[in-house]
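Asks: First the structure, then my questions, so here it is.
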Amino acid sequence: MKILAIREDNGNSVKDLAYLLYYEKAKAFYIEIPEDADEWEVPLILDSFVKRGEHTVNAYWSKRWVEQRIVPTDRQNLGQILKANNLSEYDEFGLLMLSNGRCAQDDYYLAQIAEDAFPPFLLERYQKKVEDVVVLGNQNLLVFFRDGVVRKVDVTSLLVDKSEFKPVLERADLFSQVSVQVGGYGVCWGTE
């Protein structure tokens, strides 16, 4: 895992506003926002999360933030850009690191942080992530967290209103294919 501070340098001071976590094996991004973040300081795409009191940005929106800062996949001369930068294929993280996440539209950039320099709030959140999951049957899961907590969860009440999970709830063979999301951010059935 790579940990990058999302920093702002406004000329007077440098401030870490959030943290981008990149899981190399899965090529997945997550953004963690400090509890005391100011919605007026964080990047625009993150302000709605702060307003709602959400401090972990899911993989979808984290990747969208990254995509706003790199060359898009439909760029006309993409092959030449990749070749000129010694990239053999389109790689979001590689492209992001070419410019340290800088964008012409704002003053944010990325700075890599060593794992032993984790901000304390990230360490605390990390301990509350999912470590393992076991299927108990009858739409029940046994969820193990990194901090040692174990919970039995009846997912029926959590997923009953979400039509995309209907096949998972109706078919035991699909339900049994539950796995832990990259980074322990939750449980999932497949990548979608």
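Residues are named by chain letter and number: chains run A, B, ... in the order of the structure tokens, numbers start at 1 in each chain, and ligands are numbered from 1 in the order shown.
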Just the residues within 7 Å of Leu96 (chain A), please, counting only C-alpha atoms, with nothing from its chain fewer than 4 positions along; format it as a PyMOL selection string.

Replies: chain A and resi 69-70+92+100-101

Asks: Export, as a PDB file, in the first residue's frame, the selected residues with C-alpha atoms.

Replies:
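This is the output file selection_26.pdb:
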```pdb
ATOM      1  CA  ARG A  69      -5.739  14.846 -12.204  1.00  0.00           C
ATOM      2  CA  ILE A  70      -4.338  12.635 -14.980  1.00  0.00           C
ATOM      3  CA  GLU A  92      -3.550   5.689 -13.235  1.00  0.00           C
ATOM      4  CA  ASN A 100       2.851  14.379  -8.083  1.00  0.00           C
ATOM      5  CA  GLY A 101      -0.898  14.764  -8.499  1.00  0.00           C
TER       6      GLY A 101
END
```

Asks: Taking into account only C-alpha atoms, which residue in the set A:Glu170, A:Met97, A:Gln181, A:Asn138 is nearest to Asn85 (chain A)?

Replies: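 The shortest atom-to-atom distance to Asn85 (chain A) comes from A:Met97.
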
Asks: Within 12 Å of region 13-31 of chain A, which residues of region 49-163 of chain A show up? Give each one with its shortest atom-to-atom distance in Å (one decimal) and the two atoms involved, counting only C-alpha atoms, rows by chain then rising residue number, as a tab-separated table.

Replies:
```
residue	atom	partner	partner_atom	distance
A:Phe49	CA	A:Ile31	CA	10.6
A:Val50	CA	A:Ala18	CA	10.9
A:Glu54	CA	A:Ile31	CA	10.8
A:His55	CA	A:Ile31	CA	8.2
A:Thr56	CA	A:Ile31	CA	6.0
A:Val57	CA	A:Ile31	CA	5.0
A:Asn58	CA	A:Tyr30	CA	5.9
A:Ala59	CA	A:Tyr30	CA	5.2
A:Tyr60	CA	A:Phe29	CA	8.1
A:Trp61	CA	A:Tyr30	CA	8.2
A:Ser62	CA	A:Tyr30	CA	5.2
A:Lys63	CA	A:Phe29	CA	5.8
A:Arg64	CA	A:Phe29	CA	9.4
A:Trp65	CA	A:Ile31	CA	9.1
A:Val66	CA	A:Phe29	CA	8.3
A:Glu67	CA	A:Phe29	CA	10.8
A:Tyr90	CA	A:Lys27	CA	11.9
A:Asp91	CA	A:Lys27	CA	8.9
A:Glu92	CA	A:Lys27	CA	8.4
A:Phe93	CA	A:Lys27	CA	8.0
A:Gly94	CA	A:Glu24	CA	10.7
A:Leu96	CA	A:Tyr22	CA	11.2
A:Met97	CA	A:Tyr22	CA	11.6
A:Asn100	CA	A:Leu20	CA	12.0
A:Gly101	CA	A:Leu20	CA	10.5
A:Asp107	CA	A:Val14	CA	10.1
A:Tyr108	CA	A:Leu17	CA	9.0
A:Tyr109	CA	A:Asp16	CA	9.6
A:Leu110	CA	A:Leu20	CA	8.3
A:Ala111	CA	A:Asp16	CA	9.1
A:Gln112	CA	A:Leu20	CA	9.3
A:Ile113	CA	A:Tyr19	CA	9.3
A:Ala114	CA	A:Leu21	CA	11.5
A:Glu115	CA	A:Leu21	CA	10.7
A:Phe118	CA	A:Tyr19	CA	9.8
A:Pro119	CA	A:Tyr19	CA	9.3
A:Phe121	CA	A:Tyr19	CA	10.9
A:Leu122	CA	A:Tyr19	CA	8.8
A:Tyr126	CA	A:Leu21	CA	11.4
```

Asks: Under the rule that only C-alpha atoms are counted, which of A:Gln139, A:Val42, A:Glu124, A:Ile6 is the nearest residue to Arg171 (chain A)?

Replies: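 Using only C-alpha atoms, Arg171 (chain A) sits closest to A:Gln139.
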
Asks: A:Gln105, A:Val187, A:Arg125, A:Phe144: which is nearest Ile33 (chain A), counting only C-alpha atoms?

Replies: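 The closest residue to Ile33 (chain A) is A:Arg125.
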
Asks: Could you check which of A:Gln68, A:Ser48, A:Asn140, A:Asn86 is closest to Leu158 (chain A), using only C-alpha atoms?

Replies: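 The answer is A:Asn140, which sits nearest to Leu158 (chain A).
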
Asks: Separation of CA of Leu95 (chain A) and CA of Val71 (chain A), in Å?

Replies: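 Value for the CA of Leu95 (chain A)-CA of Val71 (chain A) distance: 7.3 Å.
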
Asks: Write down as a ChimeraX atom specification the residues of chain A whose backbone DSSP state falls under helix (DSSP H, G or I).

Replies: /A:44-51,59-67,78-84,92-98,115-117,120-126,155-159,163-170,172-175,182-184

Asks: Any idea what's packed within 12 Å of Val178 (chain A), counting only C-alpha atoms, ignoring anything in its chain fewer than 4 positions away? Could you give it as an mmCIF file with N, CA and C atoms, in the first residue's frame?

Replies:
```cif
data_model
loop_
_atom_site.group_PDB
_atom_site.id
_atom_site.type_symbol
_atom_site.label_atom_id
_atom_site.label_comp_id
_atom_site.auth_asym_id
_atom_site.auth_seq_id
_atom_site.Cartn_x
_atom_site.Cartn_y
_atom_site.Cartn_z
ATOM 1 N N ASP A 132 -11.733 -10.264 8.077
ATOM 2 C CA ASP A 132 -12.190 -11.520 7.489
ATOM 3 C C ASP A 132 -13.709 -11.598 7.594
ATOM 4 N N VAL A 133 -14.297 -12.483 6.800
ATOM 5 C CA VAL A 133 -15.742 -12.682 6.827
ATOM 6 C C VAL A 133 -16.029 -14.165 6.595
ATOM 7 N N VAL A 134 -17.012 -14.678 7.334
ATOM 8 C CA VAL A 134 -17.420 -16.076 7.220
ATOM 9 C C VAL A 134 -18.929 -16.110 7.008
ATOM 10 N N VAL A 135 -19.370 -16.928 6.048
ATOM 11 C CA VAL A 135 -20.801 -17.089 5.778
ATOM 12 C C VAL A 135 -21.390 -18.054 6.802
ATOM 13 N N LEU A 136 -22.465 -17.616 7.462
ATOM 14 C CA LEU A 136 -23.148 -18.461 8.442
ATOM 15 C C LEU A 136 -24.420 -19.083 7.867
ATOM 16 N N GLY A 137 -24.913 -18.561 6.767
ATOM 17 C CA GLY A 137 -26.177 -19.034 6.191
ATOM 18 C C GLY A 137 -27.326 -18.134 6.595
ATOM 19 N N GLN A 139 -28.536 -15.581 5.189
ATOM 20 C CA GLN A 139 -28.123 -14.179 4.991
ATOM 21 C C GLN A 139 -27.407 -13.586 6.206
ATOM 22 N N ASN A 140 -26.726 -14.441 6.956
ATOM 23 C CA ASN A 140 -25.934 -13.984 8.101
ATOM 24 C C ASN A 140 -24.452 -14.157 7.809
ATOM 25 N N LEU A 141 -23.679 -13.180 8.261
ATOM 26 C CA LEU A 141 -22.224 -13.208 8.133
ATOM 27 C C LEU A 141 -21.607 -13.027 9.505
ATOM 28 N N LEU A 142 -20.448 -13.603 9.677
ATOM 29 C CA LEU A 142 -19.638 -13.353 10.860
ATOM 30 C C LEU A 142 -18.474 -12.496 10.368
ATOM 31 N N VAL A 143 -18.407 -11.273 10.851
ATOM 32 C CA VAL A 143 -17.419 -10.310 10.363
ATOM 33 C C VAL A 143 -16.370 -10.074 11.452
ATOM 34 N N VAL A 155 -27.505 -9.513 6.912
ATOM 35 C CA VAL A 155 -27.430 -8.526 5.834
ATOM 36 C C VAL A 155 -28.770 -8.249 5.166
ATOM 37 N N PHE A 165 -28.541 -5.928 -5.042
ATOM 38 C CA PHE A 165 -28.157 -7.051 -4.198
ATOM 39 C C PHE A 165 -29.211 -8.159 -4.172
ATOM 40 N N VAL A 168 -27.974 -11.659 -4.869
ATOM 41 C CA VAL A 168 -27.129 -12.153 -3.767
ATOM 42 C C VAL A 168 -27.996 -12.684 -2.631
ATOM 43 N N LEU A 169 -29.084 -11.996 -2.334
ATOM 44 C CA LEU A 169 -29.964 -12.413 -1.248
ATOM 45 C C LEU A 169 -30.819 -13.624 -1.625
ATOM 46 N N ALA A 172 -28.168 -18.659 -2.643
ATOM 47 C CA ALA A 172 -27.171 -19.044 -1.631
ATOM 48 C C ALA A 172 -25.781 -19.206 -2.234
ATOM 49 N N ASP A 173 -25.703 -19.678 -3.491
ATOM 50 C CA ASP A 173 -24.388 -19.850 -4.121
ATOM 51 C C ASP A 173 -23.691 -18.514 -4.332
ATOM 52 N N LEU A 174 -24.453 -17.471 -4.672
ATOM 53 C CA LEU A 174 -23.865 -16.129 -4.802
ATOM 54 C C LEU A 174 -23.528 -15.549 -3.431
ATOM 55 N N GLY A 186 -14.936 -3.012 3.742
ATOM 56 C CA GLY A 186 -16.257 -3.616 3.837
ATOM 57 C C GLY A 186 -16.217 -5.005 3.257
ATOM 58 N N VAL A 187 -17.402 -5.566 3.022
ATOM 59 C CA VAL A 187 -17.498 -6.861 2.368
ATOM 60 C C VAL A 187 -18.161 -6.644 1.016
ATOM 61 N N CYS A 188 -17.930 -7.595 0.091
ATOM 62 C CA CYS A 188 -18.483 -7.418 -1.244
ATOM 63 C C CYS A 188 -18.753 -8.757 -1.898
ATOM 64 N N TRP A 189 -19.544 -8.705 -2.937
ATOM 65 C CA TRP A 189 -19.814 -9.860 -3.777
ATOM 66 C C TRP A 189 -19.389 -9.451 -5.182
ATOM 67 N N GLY A 190 -18.210 -9.826 -5.588
ATOM 68 C CA GLY A 190 -17.678 -9.448 -6.898
ATOM 69 C C GLY A 190 -17.136 -8.030 -6.871
ATOM 70 N N THR A 191 -16.822 -7.510 -8.037
ATOM 71 C CA THR A 191 -16.213 -6.179 -8.132
ATOM 72 C C THR A 191 -17.217 -5.085 -8.396
#
```

Asks: Enumerate the residues of region 17-53 of chain A with a DSSP assignment of strand (DSSP E), computed from the backbone, and present them as a PyMOL selection string.

Replies: chain A and resi 17-23+28-32

Asks: Take the residues that were just selected and, keeping C-alpha atoms, output them as a PDB file, in the first residue's frame.

Replies:
```pdb
ATOM      1  CA  LEU A  17      -6.009  18.002   3.781  1.00  0.00           C
ATOM      2  CA  ALA A  18      -6.615  14.287   3.196  1.00  0.00           C
ATOM      3  CA  TYR A  19      -4.761  11.056   2.434  1.00  0.00           C
ATOM      4  CA  LEU A  20      -4.851   8.935  -0.707  1.00  0.00           C
ATOM      5  CA  LEU A  21      -4.241   5.239  -0.129  1.00  0.00           C
ATOM      6  CA  TYR A  22      -3.284   3.144  -3.134  1.00  0.00           C
ATOM      7  CA  TYR A  23      -3.412  -0.638  -3.060  1.00  0.00           C
ATOM      8  CA  ALA A  28      -7.596   0.539  -5.977  1.00  0.00           C
ATOM      9  CA  PHE A  29      -7.665   4.023  -4.448  1.00  0.00           C
ATOM     10  CA  TYR A  30      -9.299   5.217  -1.213  1.00  0.00           C
ATOM     11  CA  ILE A  31      -9.249   8.689   0.287  1.00  0.00           C
ATOM     12  CA  GLU A  32      -9.296   9.241   4.039  1.00  0.00           C
TER      13      GLU A  32
END
```

Asks: Neighbouring residues of Gly53 (chain A) were defined as those with any atom within 12 Å, considering only C-alpha atoms; residues of the same chain fewer than 5 positions away were excluded. Please report them as a list in words.

Replies: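 Once the nearby chain positions are removed, what remains is Ile33, Pro34, Glu35, Asp36, Ala37, Asp38, Glu39, Leu46, Asp47 and Ser48 of chain A.
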
Asks: One number please: CA of Leu123 (chain A) to CA of Arg102 (chain A), in Å, one decimal.

Replies: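 These two atoms are separated by 26.4 Å.
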
Asks: Leaving out Gly184 (chain A) and any residue of its chain fewer than 6 positions from it, which residues lie within 7 Å of it when counting only C-alpha atoms, given as a ChimeraX atom specification?

Replies: /A:129-131
